[in-house]
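See below for the structure under consideration.
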Protein chains: 2
Amino acid sequence: VKIEIRKSILRSNDEKAQKNARLFESEKLAVINVMGSPGAGKTSFILKLAKVLGKKYTFGVIEADVASRIDADKISSAGIPVFQINTDGGCHLEASMIPSALKKLEIKGPGFLLIENIGNLICPSEFDLGEALRIVISSVPEGHDKPAKYPGIFSSADAVILNKIDLLPYLDFDREFFVNSIKAVNDEVPVFEVSSKTGRSIRLFSSWVEKISKKWIER
Amino acid sequence: VKIEIRKSILRSNDEKAQKNARLFESEKLAVINVMGSPGAGKTSFILKLAKVLGKKYTFGVIEADVASRIDADKISSAGIPVFQINTDGGCHLEASMIPSALKKLEIKGPGFLLIENIGNLICPSEFDLGEALRIVISSVPEGHDKPAKYPGIFSSADAVILNKIDLLPYLDFDREFFVNSIKAVNDEVPVFEVSSKTGRSIRLFSSWVEKISKKWIER
């Protein structure tokens, strides 16, 4: 019974995700599903990205957390349209939660909608939101073994961000092991080493995103 | 249906947890359920604890990960009895997984059994394993907002460890905000600021654990 219910939940989510994908396309929004551990720096990274991409395009954010409005307040203080979803114990976003949140955001394409998922390396990966891209943010202090321990979420990523690269001198982090473990489950995915603190490689990633999102934003 | 199934899963888990608790008591094992984000430093902390407590008592470890034997290999290299559980996508341990793992460990009390749960701040908190104590390990690079964002897991902790305190100089971390957010949901829980790298306050925590575990280990 448990497995059957699970399958039917995922099937119903997939249908809603396909509807979302059509909605995003018609709104000319390149939607990025941002996943990562608690404290990987998802919000800070989104803020840095907004500074670059927000100059040329619409840029909106949906924030998801179990509790609190901390992240939405940060985004909002930077003058970026944001809507906060609280899952109240739920460990991932589902496709059904997105359309009403987007409506409340009141943004118009062409541009980007960043969806910051719940801080979790397991649950969010199975739930498609209809996004154009999914990125996984990992961070140096979490250690190089995360892709080996949580292969599922890395296997479906369109890009991997290794954040907090400025902390490398203070930690034992084996970049080769990190990258090789990712390549083992996701052969061609690009890995960007960035620092949301110093700004390192934020422009590099922004250019990559802009290029790969043409289908959505330039029509 | 979803909620009903969920309730029945939790009820059945609680019954098995009670059985586990009786088993642990009869084996004179103080069992500690160690929870925290991916990369909070759970394994390194357990290794440091083993060096202190392992001198006086039996000390065994059950490691849980979605995939890989990385953590079990680390523990095993230190000469500590360990059994690895792979949940293959599951985001938490359940009480039913413990008795067979304990059997394979072949340890004898009086002493400690550390169970390192899946790296996740949401799912593990609802599943009682029959443990004597549950501790949540948070770390400085994760940021001071974790207790405010994931109140559930902090509310049921018997102790909170703030790990990687040696990285404090390189990060913006508001200790007062961190502690106050914990106290808001768990008034009397002790918070230990430790570094598994430098060893800071490991002895302080070990003494606390030894004292509070007397019911299990001294009979």
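Ligands are numbered from 1 in the order shown, chains are lettered A, B, ... in the order of the structure tokens, and residues start at 1 in each chain.
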request  = Within 6 Å of chain A, which residues of chain B are there when counting only C-alpha atoms? Please give them as a PyMOL selection string.
outcome  = chain B and resi 39+67-68+142-143+149
request  = Apply DSSP to the backbone of this structure and, from region 97-167 of chain B, keep only the residues in helix (DSSP H, G or I); write these as a PyMOL selection string.
outcome  = chain B and resi 97-105+123-126+140-142+146-149+151-155+165-167
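Using only C-alpha atoms, the residues found no farther than 7 Å from Leu29 (chain B), other than those of its own chain fewer than 2 positions away, are Phe24, Glu25, Glu27, Val31, Gly109, Pro110, Gly111, Phe112, Leu113, Trp216 and Ile217 of chain B.
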Please, could you write that set of residues out with N, CA and C atoms as a PDB file, in the first residue's frame?
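Once everything was written out, this is part.pdb:
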ATOM      1  N   PHE B  24      17.469  -2.086  24.603  1.00  0.00           N
ATOM      2  CA  PHE B  24      18.660  -1.297  24.951  1.00  0.00           C
ATOM      3  C   PHE B  24      18.895  -1.317  26.457  1.00  0.00           C
ATOM      4  N   GLU B  25      17.804  -1.237  27.221  1.00  0.00           N
ATOM      5  CA  GLU B  25      17.940  -1.217  28.666  1.00  0.00           C
ATOM      6  C   GLU B  25      18.486  -2.558  29.162  1.00  0.00           C
ATOM      7  N   GLU B  27      20.293  -4.581  27.555  1.00  0.00           N
ATOM      8  CA  GLU B  27      21.684  -4.731  27.091  1.00  0.00           C
ATOM      9  C   GLU B  27      22.628  -3.717  27.741  1.00  0.00           C
ATOM     10  N   VAL B  31      21.686   4.578  24.239  1.00  0.00           N
ATOM     11  CA  VAL B  31      21.652   4.767  22.791  1.00  0.00           C
ATOM     12  C   VAL B  31      21.415   6.241  22.465  1.00  0.00           C
ATOM     13  N   GLY B 109      27.007  -4.320  26.557  1.00  0.00           N
ATOM     14  CA  GLY B 109      27.054  -3.233  27.505  1.00  0.00           C
ATOM     15  C   GLY B 109      27.789  -3.651  28.755  1.00  0.00           C
ATOM     16  N   PRO B 110      28.044  -2.752  29.718  1.00  0.00           N
ATOM     17  CA  PRO B 110      27.560  -1.374  29.690  1.00  0.00           C
ATOM     18  C   PRO B 110      28.367  -0.480  28.743  1.00  0.00           C
ATOM     19  N   GLY B 111      27.612   0.401  28.080  1.00  0.00           N
ATOM     20  CA  GLY B 111      28.299   1.314  27.178  1.00  0.00           C
ATOM     21  C   GLY B 111      27.354   2.106  26.304  1.00  0.00           C
ATOM     22  N   PHE B 112      27.897   2.593  25.222  1.00  0.00           N
ATOM     23  CA  PHE B 112      27.149   3.514  24.361  1.00  0.00           C
ATOM     24  C   PHE B 112      26.981   2.963  22.943  1.00  0.00           C
ATOM     25  N   LEU B 113      25.787   3.175  22.405  1.00  0.00           N
ATOM     26  CA  LEU B 113      25.559   2.895  20.993  1.00  0.00           C
ATOM     27  C   LEU B 113      25.138   4.209  20.342  1.00  0.00           C
ATOM     28  N   TRP B 216      21.311   3.868  32.201  1.00  0.00           N
ATOM     29  CA  TRP B 216      21.526   2.741  31.280  1.00  0.00           C
ATOM     30  C   TRP B 216      22.836   1.999  31.556  1.00  0.00           C
ATOM     31  N   ILE B 217      23.892   2.781  31.850  1.00  0.00           N
ATOM     32  CA  ILE B 217      25.212   2.149  31.887  1.00  0.00           C
ATOM     33  C   ILE B 217      25.660   1.691  33.265  1.00  0.00           C
TER      34      ILE B 217
END
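Residue nearest Val194 (chain B) within the list B:Lys42, B:Lys28, B:Lys51, B:Arg134: B:Lys42 [criterion: smallest interatomic distance, only C-alpha atoms].
The list of residues with at least one atom within 10 Å of Phe205 (chain A), based on only C-alpha atoms and without residues fewer than 5 positions apart in the same chain, reads Leu49, Ala159, Ile161, Pro190, Val191, Phe192, Glu193, Val194, Arg200, Glu210 and Lys211 of chain A.
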